[in-house]
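Trainee: This one is entry.pdb, PDB, C-alpha atoms.
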```pdb
ATOM      1  CA  MET Y  67       0.000   0.000   0.000  1.00  0.00           C
ATOM      2  CA  THR Y  68       1.263   3.466  -0.890  1.00  0.00           C
ATOM      3  CA  VAL Y  69       1.129   6.019   1.923  1.00  0.00           C
ATOM      4  CA  ARG Y  70      -0.167   9.348   0.597  1.00  0.00           C
ATOM      5  CA  VAL Y  71       1.292  12.411   2.346  1.00  0.00           C
ATOM      6  CA  LEU Y  72       0.549  16.142   2.294  1.00  0.00           C
ATOM      7  CA  ILE Y  73       3.319  18.581   3.296  1.00  0.00           C
ATOM      8  CA  ALA Y  74       2.392  22.010   4.677  1.00  0.00           C
ATOM      9  CA  ASP Y  75       5.247  24.464   5.270  1.00  0.00           C
ATOM     10  CA  ASP Y  76       5.667  28.090   4.256  1.00  0.00           C
ATOM     11  CA  GLN Y  77       9.263  27.550   3.104  1.00  0.00           C
ATOM     12  CA  ALA Y  78       9.642  25.993  -0.346  1.00  0.00           C
ATOM     13  CA  MET Y  79      13.102  24.639   0.463  1.00  0.00           C
ATOM     14  CA  ILE Y  80      11.792  22.824   3.527  1.00  0.00           C
ATOM     15  CA  ARG Y  81       8.896  21.342   1.574  1.00  0.00           C
ATOM     16  CA  GLY Y  82      11.325  20.197  -1.107  1.00  0.00           C
ATOM     17  CA  GLY Y  83      13.626  18.617   1.464  1.00  0.00           C
ATOM     18  CA  LEU Y  84      10.797  16.758   3.175  1.00  0.00           C
ATOM     19  CA  ARG Y  85       9.526  15.549  -0.194  1.00  0.00           C
ATOM     20  CA  LEU Y  86      12.964  14.161  -1.085  1.00  0.00           C
ATOM     21  CA  ILE Y  87      13.205  12.306   2.230  1.00  0.00           C
ATOM     22  CA  LEU Y  88       9.747  10.794   1.960  1.00  0.00           C
ATOM     23  CA  GLU Y  89       9.779   9.909  -1.722  1.00  0.00           C
ATOM     24  CA  ASP Y  90      13.063   8.082  -1.240  1.00  0.00           C
ATOM     25  CA  GLU Y  91      10.878   5.468   0.461  1.00  0.00           C
ATOM     26  CA  PRO Y  92       9.293   3.049  -2.045  1.00  0.00           C
ATOM     27  CA  ASP Y  93       5.874   3.081  -0.386  1.00  0.00           C
ATOM     28  CA  ILE Y  94       5.448   6.816   0.345  1.00  0.00           C
ATOM     29  CA  GLU Y  95       4.103   9.383  -2.113  1.00  0.00           C
ATOM     30  CA  VAL Y  96       3.750  13.127  -1.566  1.00  0.00           C
ATOM     31  CA  VAL Y  97       0.406  14.018  -3.134  1.00  0.00           C
ATOM     32  CA  ALA Y  98       0.341  17.748  -2.352  1.00  0.00           C
ATOM     33  CA  GLU Y  99       2.212  20.690  -0.881  1.00  0.00           C
ATOM     34  CA  ALA Y 100       0.757  23.751   0.839  1.00  0.00           C
ATOM     35  CA  ALA Y 101       2.468  27.056   1.631  1.00  0.00           C
ATOM     36  CA  ASP Y 102       0.036  28.233   4.321  1.00  0.00           C
ATOM     37  CA  GLY Y 103      -2.608  26.955   6.701  1.00  0.00           C
ATOM     38  CA  VAL Y 104      -5.631  27.713   4.559  1.00  0.00           C
ATOM     39  CA  GLU Y 105      -4.123  25.901   1.576  1.00  0.00           C
ATOM     40  CA  ALA Y 106      -3.269  22.972   3.827  1.00  0.00           C
ATOM     41  CA  ILE Y 107      -6.850  22.561   5.056  1.00  0.00           C
ATOM     42  CA  GLU Y 108      -8.324  22.871   1.569  1.00  0.00           C
ATOM     43  CA  ALA Y 109      -5.900  20.375   0.045  1.00  0.00           C
ATOM     44  CA  ALA Y 110      -6.253  17.910   2.918  1.00  0.00           C
ATOM     45  CA  ARG Y 111     -10.043  17.918   2.798  1.00  0.00           C
ATOM     46  CA  ARG Y 112     -10.029  17.542  -0.975  1.00  0.00           C
ATOM     47  CA  LEU Y 113      -7.390  14.817  -1.260  1.00  0.00           C
ATOM     48  CA  ARG Y 114      -7.796  12.985   2.072  1.00  0.00           C
ATOM     49  CA  PRO Y 115      -4.112  11.992   2.372  1.00  0.00           C
ATOM     50  CA  ASP Y 116      -3.094   9.243   4.775  1.00  0.00           C
ATOM     51  CA  VAL Y 117      -0.844  11.640   6.716  1.00  0.00           C
ATOM     52  CA  CYS Y 118      -0.561  15.437   6.836  1.00  0.00           C
ATOM     53  CA  LEU Y 119       2.823  16.884   7.824  1.00  0.00           C
ATOM     54  CA  VAL Y 120       2.169  20.367   9.172  1.00  0.00           C
ATOM     55  CA  ASP Y 121       4.554  23.123  10.270  1.00  0.00           C
ATOM     56  CA  ILE Y 122       3.681  25.281  13.290  1.00  0.00           C
ATOM     57  CA  ARG Y 123       4.422  28.767  11.996  1.00  0.00           C
ATOM     58  CA  MET Y 124       2.590  29.410   8.727  1.00  0.00           C
ATOM     59  CA  PRO Y 125       0.738  32.390   7.208  1.00  0.00           C
ATOM     60  CA  ARG Y 126      -3.041  32.816   7.471  1.00  0.00           C
ATOM     61  CA  LEU Y 127      -3.544  29.840   9.809  1.00  0.00           C
ATOM     62  CA  ASP Y 128      -0.854  28.328  11.992  1.00  0.00           C
ATOM     63  CA  GLY Y 129      -0.200  24.635  12.425  1.00  0.00           C
ATOM     64  CA  ILE Y 130      -2.204  24.349  15.648  1.00  0.00           C
ATOM     65  CA  GLU Y 131      -5.307  25.750  13.967  1.00  0.00           C
ATOM     66  CA  VAL Y 132      -4.770  23.490  10.966  1.00  0.00           C
ATOM     67  CA  THR Y 133      -4.443  20.492  13.269  1.00  0.00           C
ATOM     68  CA  ARG Y 134      -7.678  21.332  15.094  1.00  0.00           C
ATOM     69  CA  ALA Y 135      -9.515  21.785  11.787  1.00  0.00           C
ATOM     70  CA  LEU Y 136      -8.341  18.442  10.399  1.00  0.00           C
ATOM     71  CA  ALA Y 137      -8.070  16.255  13.493  1.00  0.00           C
ATOM     72  CA  GLY Y 138      -9.640  18.052  16.447  1.00  0.00           C
ATOM     73  CA  PRO Y 139     -12.150  16.517  18.868  1.00  0.00           C
ATOM     74  CA  GLY Y 140     -15.102  17.903  16.926  1.00  0.00           C
ATOM     75  CA  VAL Y 141     -14.004  16.500  13.559  1.00  0.00           C
ATOM     76  CA  THR Y 142     -16.240  13.631  12.439  1.00  0.00           C
ATOM     77  CA  ASP Y 143     -13.724  11.903  10.184  1.00  0.00           C
ATOM     78  CA  PRO Y 144     -10.329  13.148  11.401  1.00  0.00           C
ATOM     79  CA  LEU Y 145      -7.159  12.977   9.357  1.00  0.00           C
ATOM     80  CA  ARG Y 146      -3.799  11.920  10.763  1.00  0.00           C
ATOM     81  CA  VAL Y 147      -1.670  14.999  11.435  1.00  0.00           C
ATOM     82  CA  VAL Y 148       2.008  14.994  12.369  1.00  0.00           C
ATOM     83  CA  VAL Y 149       3.480  18.371  13.318  1.00  0.00           C
ATOM     84  CA  VAL Y 150       7.005  18.909  11.962  1.00  0.00           C
ATOM     85  CA  THR Y 151       8.691  22.027  13.299  1.00  0.00           C
ATOM     86  CA  THR Y 152      11.942  23.726  14.257  1.00  0.00           C
ATOM     87  CA  PHE Y 153      10.469  25.123  17.466  1.00  0.00           C
ATOM     88  CA  ASP Y 154      10.859  22.949  20.561  1.00  0.00           C
ATOM     89  CA  LEU Y 155       8.408  24.844  22.767  1.00  0.00           C
ATOM     90  CA  ASP Y 156       6.077  23.258  25.318  1.00  0.00           C
ATOM     91  CA  GLU Y 157       3.079  25.314  24.271  1.00  0.00           C
ATOM     92  CA  TYR Y 158       3.453  24.187  20.669  1.00  0.00           C
ATOM     93  CA  VAL Y 159       3.730  20.517  21.564  1.00  0.00           C
ATOM     94  CA  TYR Y 160       0.858  20.730  24.023  1.00  0.00           C
ATOM     95  CA  GLY Y 161      -1.339  22.644  21.569  1.00  0.00           C
ATOM     96  CA  ALA Y 162      -0.607  20.263  18.709  1.00  0.00           C
ATOM     97  CA  LEU Y 163      -1.337  17.086  20.634  1.00  0.00           C
ATOM     98  CA  ARG Y 164      -4.384  18.545  22.325  1.00  0.00           C
ATOM     99  CA  GLY Y 165      -5.525  19.646  18.872  1.00  0.00           C
ATOM    100  CA  GLY Y 166      -5.495  16.064  17.634  1.00  0.00           C
ATOM    101  CA  ALA Y 167      -2.005  15.554  16.205  1.00  0.00           C
ATOM    102  CA  VAL Y 168      -0.694  11.997  16.374  1.00  0.00           C
ATOM    103  CA  GLY Y 169       2.942  13.027  16.263  1.00  0.00           C
ATOM    104  CA  PHE Y 170       5.367  15.878  16.907  1.00  0.00           C
ATOM    105  CA  VAL Y 171       8.756  15.760  15.196  1.00  0.00           C
ATOM    106  CA  LEU Y 172      11.553  18.309  15.249  1.00  0.00           C
ATOM    107  CA  LYS Y 173      13.038  19.113  11.856  1.00  0.00           C
ATOM    108  CA  GLY Y 174      16.519  18.538  13.228  1.00  0.00           C
ATOM    109  CA  ALA Y 175      15.679  15.018  14.432  1.00  0.00           C
ATOM    110  CA  GLY Y 176      16.777  13.434  11.147  1.00  0.00           C
ATOM    111  CA  PRO Y 177      15.191  11.749   8.120  1.00  0.00           C
ATOM    112  CA  ARG Y 178      14.680   8.372   9.778  1.00  0.00           C
ATOM    113  CA  LEU Y 179      12.526   9.770  12.580  1.00  0.00           C
ATOM    114  CA  LEU Y 180      10.388  11.627  10.060  1.00  0.00           C
ATOM    115  CA  VAL Y 181       9.724   8.439   8.101  1.00  0.00           C
ATOM    116  CA  GLU Y 182       9.024   6.550  11.337  1.00  0.00           C
ATOM    117  CA  ALA Y 183       6.508   9.210  12.363  1.00  0.00           C
ATOM    118  CA  VAL Y 184       4.641   8.817   9.067  1.00  0.00           C
ATOM    119  CA  ARG Y 185       4.589   5.043   9.389  1.00  0.00           C
ATOM    120  CA  ALA Y 186       3.485   5.246  13.039  1.00  0.00           C
ATOM    121  CA  ALA Y 187       0.598   7.547  12.117  1.00  0.00           C
ATOM    122  CA  VAL Y 188      -0.596   5.151   9.416  1.00  0.00           C
ATOM    123  CA  ALA Y 189      -0.367   2.252  11.876  1.00  0.00           C
ATOM    124  CA  GLY Y 190      -2.585   4.115  14.347  1.00  0.00           C
ATOM    125  CA  GLU Y 191       0.264   4.818  16.731  1.00  0.00           C
ATOM    126  CA  ALA Y 192       2.151   8.011  17.473  1.00  0.00           C
ATOM    127  CA  LEU Y 193       5.680   9.320  17.630  1.00  0.00           C
ATOM    128  CA  VAL Y 194       7.041  12.336  19.456  1.00  0.00           C
ATOM    129  CA  SER Y 195      10.689  13.390  19.159  1.00  0.00           C
ATOM    130  CA  PRO Y 196      12.497  11.779  22.112  1.00  0.00           C
ATOM    131  CA  SER Y 197      14.056  15.089  23.146  1.00  0.00           C
ATOM    132  CA  VAL Y 198      10.649  16.522  24.031  1.00  0.00           C
ATOM    133  CA  THR Y 199       8.610  13.501  25.090  1.00  0.00           C
ATOM    134  CA  ILE Y 200       8.997  13.336  28.860  1.00  0.00           C
ATOM    135  CA  ARG Y 201       9.201  17.105  29.326  1.00  0.00           C
ATOM    136  CA  LEU Y 202       5.992  17.488  27.338  1.00  0.00           C
ATOM    137  CA  LEU Y 203       4.116  14.836  29.254  1.00  0.00           C
ATOM    138  CA  ARG Y 204       5.130  16.281  32.595  1.00  0.00           C
ATOM    139  CA  HIS Y 205       3.738  19.585  31.380  1.00  0.00           C
ATOM    140  CA  LEU Y 206       0.412  17.878  30.637  1.00  0.00           C
ATOM    141  CA  ALA Y 207       0.282  16.670  34.235  1.00  0.00           C
ATOM    142  CA  GLU Y 208       0.835  20.075  35.832  1.00  0.00           C
ATOM    143  CA  GLY Y 209      -2.029  21.055  38.085  1.00  0.00           C
ATOM    144  CA  ALA Y 210      -4.039  17.918  37.392  1.00  0.00           C
ATOM    145  CA  PRO Y 211      -5.471  16.225  40.509  1.00  0.00           C
ATOM    146  CA  PRO Y 212      -4.486  12.593  40.950  1.00  0.00           C
ATOM    147  CA  SER Y 213      -7.376  10.202  40.239  1.00  0.00           C
ATOM    148  CA  PRO Y 214      -6.046   6.693  39.593  1.00  0.00           C
ATOM    149  CA  SER Y 215      -8.554   5.253  42.076  1.00  0.00           C
ATOM    150  CA  THR Y 216     -11.403   6.090  39.686  1.00  0.00           C
ATOM    151  CA  SER Y 217      -9.744   4.396  36.706  1.00  0.00           C
ATOM    152  CA  PRO Y 218     -11.897   1.775  34.940  1.00  0.00           C
ATOM    153  CA  LEU Y 219      -8.759  -0.045  33.772  1.00  0.00           C
ATOM    154  CA  THR Y 220      -7.526  -3.408  34.984  1.00  0.00           C
ATOM    155  CA  ASP Y 221      -4.150  -3.702  36.710  1.00  0.00           C
ATOM    156  CA  ARG Y 222      -2.596  -5.157  33.557  1.00  0.00           C
ATOM    157  CA  GLU Y 223      -4.033  -2.366  31.400  1.00  0.00           C
ATOM    158  CA  LEU Y 224      -2.579   0.179  33.815  1.00  0.00           C
ATOM    159  CA  GLU Y 225       0.828  -1.503  33.521  1.00  0.00           C
ATOM    160  CA  VAL Y 226       0.624  -1.209  29.742  1.00  0.00           C
ATOM    161  CA  VAL Y 227      -0.430   2.436  29.956  1.00  0.00           C
ATOM    162  CA  ARG Y 228       2.437   3.271  32.318  1.00  0.00           C
ATOM    163  CA  ALA Y 229       4.948   1.719  29.939  1.00  0.00           C
ATOM    164  CA  VAL Y 230       3.495   3.540  26.927  1.00  0.00           C
ATOM    165  CA  ALA Y 231       3.479   6.818  28.868  1.00  0.00           C
ATOM    166  CA  ARG Y 232       7.225   6.431  29.392  1.00  0.00           C
ATOM    167  CA  GLY Y 233       7.722   6.288  25.631  1.00  0.00           C
ATOM    168  CA  ARG Y 234       7.877   2.516  25.119  1.00  0.00           C
ATOM    169  CA  THR Y 235       6.860   1.065  21.747  1.00  0.00           C
ATOM    170  CA  ASN Y 236       4.405  -1.836  21.632  1.00  0.00           C
ATOM    171  CA  GLN Y 237       7.312  -4.224  21.073  1.00  0.00           C
ATOM    172  CA  GLU Y 238       9.157  -2.820  24.101  1.00  0.00           C
ATOM    173  CA  VAL Y 239       6.016  -3.057  26.245  1.00  0.00           C
ATOM    174  CA  ALA Y 240       5.617  -6.706  25.244  1.00  0.00           C
ATOM    175  CA  ALA Y 241       9.214  -7.490  26.195  1.00  0.00           C
ATOM    176  CA  GLU Y 242       9.047  -5.510  29.446  1.00  0.00           C
ATOM    177  CA  LEU Y 243       5.818  -7.168  30.640  1.00  0.00           C
ATOM    178  CA  PHE Y 244       6.546 -10.638  29.191  1.00  0.00           C
ATOM    179  CA  ILE Y 245       3.424 -10.682  27.039  1.00  0.00           C
ATOM    180  CA  SER Y 246       2.844 -11.022  23.307  1.00  0.00           C
ATOM    181  CA  LEU Y 247       2.645  -8.104  20.888  1.00  0.00           C
ATOM    182  CA  SER Y 248      -0.951  -9.008  20.035  1.00  0.00           C
ATOM    183  CA  THR Y 249      -1.818  -8.910  23.749  1.00  0.00           C
ATOM    184  CA  VAL Y 250      -0.345  -5.413  24.039  1.00  0.00           C
ATOM    185  CA  LYS Y 251      -2.425  -4.277  21.061  1.00  0.00           C
ATOM    186  CA  GLY Y 252      -5.508  -5.835  22.623  1.00  0.00           C
ATOM    187  CA  HIS Y 253      -4.931  -3.994  25.897  1.00  0.00           C
ATOM    188  CA  MET Y 254      -4.406  -0.716  24.030  1.00  0.00           C
ATOM    189  CA  ALA Y 255      -7.678  -1.175  22.129  1.00  0.00           C
ATOM    190  CA  SER Y 256      -9.474  -1.931  25.395  1.00  0.00           C
ATOM    191  CA  VAL Y 257      -8.001   1.173  27.046  1.00  0.00           C
ATOM    192  CA  GLN Y 258      -9.137   3.378  24.157  1.00  0.00           C
ATOM    193  CA  SER Y 259     -12.639   1.915  24.326  1.00  0.00           C
ATOM    194  CA  LYS Y 260     -12.997   2.238  28.113  1.00  0.00           C
ATOM    195  CA  LEU Y 261     -11.652   5.791  28.264  1.00  0.00           C
ATOM    196  CA  GLY Y 262     -13.217   7.058  25.043  1.00  0.00           C
ATOM    197  CA  LEU Y 263      -9.825   8.007  23.609  1.00  0.00           C
ATOM    198  CA  ARG Y 264      -8.946   8.013  19.916  1.00  0.00           C
ATOM    199  CA  ASN Y 265      -5.240   7.280  19.779  1.00  0.00           C
ATOM    200  CA  ARG Y 266      -1.990   6.548  21.595  1.00  0.00           C
ATOM    201  CA  VAL Y 267      -1.207  10.213  22.257  1.00  0.00           C
ATOM    202  CA  GLU Y 268      -4.504  10.725  24.069  1.00  0.00           C
ATOM    203  CA  ILE Y 269      -3.823   7.623  26.186  1.00  0.00           C
ATOM    204  CA  VAL Y 270      -0.422   9.001  27.193  1.00  0.00           C
ATOM    205  CA  ALA Y 271      -1.884  12.425  27.989  1.00  0.00           C
ATOM    206  CA  TRP Y 272      -4.571  10.770  30.130  1.00  0.00           C
ATOM    207  CA  ALA Y 273      -1.931   8.779  32.012  1.00  0.00           C
ATOM    208  CA  TRP Y 274       0.078  11.869  32.928  1.00  0.00           C
ATOM    209  CA  GLU Y 275      -2.918  14.041  33.729  1.00  0.00           C
ATOM    210  CA  ASN Y 276      -4.247  11.399  36.110  1.00  0.00           C
ATOM    211  CA  ARG Y 277      -0.820  10.658  37.647  1.00  0.00           C
ATOM    212  CA  ILE Y 278      -0.952   7.052  36.467  1.00  0.00           C
ATOM    213  CA  VAL Y 279       2.769   7.420  35.777  1.00  0.00           C
ATOM    214  CA  ARG Y 280       5.053   9.390  38.048  1.00  0.00           C
ATOM    215  CA  SER Y 281       7.299  12.173  36.697  1.00  0.00           C
ATOM    216  CA  THR Y 282      10.555  10.877  38.142  1.00  0.00           C
TER
END
```
Written as structure tokens, that's how I'd like the structure from this file.
Mentor:
Amino acid sequence: MTVRVLIADDQAMIRGGLRLILEDEPDIEVVAEAADGVEAIEAARRLRPDVCLVDIRMPRLDGIEVTRALAGPGVTDPLRVVVVTTFDLDEYVYGALRGGAVGFVLKGAGPRLLVEAVRAAVAGEALVSPSVTIRLLRHLAEGAPPSPSTSPLTDRELEVVRAVARGRTNQEVAAELFISLSTVKGHMASVQSKLGLRNRVEIVAWAWENRIVRST
């Protein structure tokens, strides 16, 4: 299956560079480019790409607004949005993920991480640049009252959530808890259903907000 990608960035050189990285992969095709937020929304709604790569700082509408329009909580059929930016700022990461993004990648993180973020989005998972992950998630937990006692999750599901909230992949969770990969995926699906969450990022945010994982 070919993964169809839209790139939204106000700098032509950046768009060209991202296109070269992605189209070097045999199963990824860039179907459109957009130079500002309004163009990005129009193209995404028209073409329905598998993944939208969106910069934060763009004319007319910024990347957070674009993310909310394409993937926000009120969107009936949300698209997969991965924010790709130079700016490693908490408010940007928080806004993007709260707006529905399934990934946040720094432009300086390297080509491989970008490709992994696209593949993770298609697989229904999420990827956040390692340099911002834990700092971001601690920020999500600030001021939130602890409420693990009201969790509808089983002990095993909570173990899986804690591992995921620390940045573990499904494979790493399976190895850490001595369970199969399919069992991890089953627990993740159950967690999403019980909590009414749409993706891995929302599960991680829930874990930190409810102090399911400690910020050590």
Trainee: Let me make sure I understand: among Y:Ala189, Y:Ala229, Y:Ala101, Y:Val147, which one has the smallest atom-to-atom distance to Gly169 of chain Y if we use only C-alpha atoms?
Mentor: Y:Val147
Trainee: With all atoms listed in the file as the atoms that count, which of Y:Ala175, Y:Val226, Y:Ile94, Y:Val181 lies nearest to Ile245 of chain Y?
Mentor: Y:Val226
Trainee: Looking at all atoms listed in the file, which of Y:Val148, Y:Arg178, Y:Arg112, Y:Ala231 is the one that sits closest to Glu275 of chain Y?
Mentor: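 The shortest atom-to-atom distance to Glu275 of chain Y comes from Y:Ala231.
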Trainee: Tell me which protein, DNA and RNA residues are within 9 Å of Met254 of chain Y, counting only C-alpha atoms, leaving out same-chain ones fewer than 4 positions away, and put them as a list in words.
Mentor: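 These residues fall inside the cut-off: Glu223, Val226, Val227, Thr249, Val250, Gln258, Ser259, Arg266 and Ile269 of chain Y.
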Trainee: Could you work out how far atom CA of Ala137 of chain Y lies from atom CA of Ile80 of chain Y, giving the answer in Å with one decimal?
Mentor: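 Taking atom CA of Ile80 of chain Y as the start and atom CA of Ala137 of chain Y as the end point, the length is 23.2 Å.
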Trainee: Please identify all polymer residues within 8 Å of Arg70 of chain Y, counting all atoms listed in the file, omitting same-chain residues fewer than 3 positions from it, and present them as a CSV table (one decimal) with C-alpha atoms, in the frame of the given file.
Mentor:
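part37.csv, freshly written:
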```
chain,number,residue,atom,x,y,z
Y,94,ILE,CA,5.4,6.8,0.3
Y,95,GLU,CA,4.1,9.4,-2.1
Y,96,VAL,CA,3.8,13.1,-1.6
Y,97,VAL,CA,0.4,14.0,-3.1
Y,115,PRO,CA,-4.1,12.0,2.4
Y,116,ASP,CA,-3.1,9.2,4.8
Y,117,VAL,CA,-0.8,11.6,6.7
```
Trainee: So which residues touch Val132 of chain Y within 12 Å, counting all atoms listed in the file, skipping near sequence neighbours fewer than 3 positions away, as a ChimeraX atom specification?
Mentor: /Y:74-75,100,102-111,118-129,135-138,141,144-149,161-162,165-167
Trainee: Rounded to one decimal in Å, what is the spacing between atom CA of Arg81 of chain Y and atom CA of Val150 of chain Y?
Mentor: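 Distance between the two atoms: 10.8 Å.
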Trainee: If you measure from atom CA of Gly190 of chain Y to atom CA of Val168 of chain Y, what distance in Å do you get, rounded to one decimal?
Mentor: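 Atom CA of Val168 of chain Y lies 8.4 Å from atom CA of Gly190 of chain Y.
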Trainee: Show which residues sit within 8 Å of Ala183 of chain Y, as a list in words. Count only C-alpha atoms, and ignore same-chain residues fewer than 2 positions away.
Mentor: Val148, Gly169, Val171, Leu179, Leu180, Val181, Arg185, Ala186, Ala187, Ala192, Leu193 and Val194 of chain Y
Trainee: Name the closest residue to Ile130 of chain Y among the candidates Y:Asp143, Y:Leu113, Y:Glu157, Y:Glu238; distances are taken between atoms, counting all atoms listed in the file.
Mentor: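 Of the candidates, the smallest distance to Ile130 of chain Y is held by Y:Glu157.
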Trainee: With all atoms listed in the file as the counted atoms, please give the residues lying no more than 8 Å from Leu247 of chain Y, apart from itself and same-chain residues fewer than 4 positions off, as a VMD selection string.
Mentor: chain Y and resid 236 to 237 240 251
Trainee: For Lys173 of chain Y, which of Y:Glu225, Y:Arg264, Y:Leu84, Y:Thr142 is the closest residue, counting only C-alpha atoms?
Mentor: Y:Leu84
Trainee: Go through Y:Glu268, Y:Asp93, Y:Glu242, Y:Glu131 one by one, measure the shortest atom-to-atom distance of each to Val184 of chain Y using all atoms listed in the file, and give the residue with the smallest value.
Mentor: Y:Asp93
